[in-house]
Amino acid sequence: MAVRASDVLLIIVAILFPPAAAAFITGCSCDLLINILLTIFGYLPGHIHAFWLIYRKMKAEERYGRGGFHYTGNGTYEPIYAQPGVAPAQAPVNYGATGGNYVR
């Protein structure tokens with residue numbers, strides 16, 4: 001697993017203030033709230049959670065490529081683009097439409 005400079009920076013931020021690293025990775029999500037509570041209850045649990053989030057992000061970068069995934073919550077990631085050998089997810093026929101007749 002390759003470690004990028006951004007991952008090293010995230011690790012440094014996680015050492016100094018774990019909720020900031022969680023916010024950089026997950027945005028304003030439930031994982032950020034969990035990390036804040038873990039850091040309040042004990043500094044070490046906040047660190048462990050932040051390092052776990054960084055590890056999951058690094059695994060997603062390794063699996064889907066850099067920028068080829070989005071965070072879905074609970075430390076899980078989904079690919080943005082179809083992977084070779086995997087059928088792409090089909091959107092509903094009128095996804096985003098208002099019910100009119102549209103050219104396909």
# chains A, B, ... in the order shown; residues from 1 in each chain; ligands from 1
>>> residues_around(residues="Asn35 in chain A", least_positions_apart="6", cutoff="10 Å", atoms="only C-alpha atoms", output="VMD selection string")
chain A and resid 18 to 23 41 43 45 to 50 53
>>> atom_distance(atom1="CA of Asp31 in chain A", atom2="CA of Ala2 in chain A")
24.6 Å
>>> residues_around(residues="Asn74 in chain A", least_positions_apart="2", cutoff="12 Å", atoms="only C-alpha atoms", output="PyMOL selection string")
chain A and resi 22+25-26+29-35+49+52-53+56-57+71-72+76-78
>>> atom_distance(atom1="CA of Glu62 in chain A", atom2="CA of Asp7 in chain A")
12.4 Å
>>> closest_residue(among="A:Phe24, A:Phe51, A:Ile11, A:Ile80", to="Tyr64 in chain A", atoms="only C-alpha atoms")
A:Ile80
>>> closest_residue(among="A:Gly42, A:Tyr81, A:Gly68, A:Met58", to="Leu10 in chain A", atoms="only C-alpha atoms")
A:Met58
>>> atom_distance(atom1="CA of Ala14 in chain A", atom2="CA of Arg66 in chain A")
20.7 Å
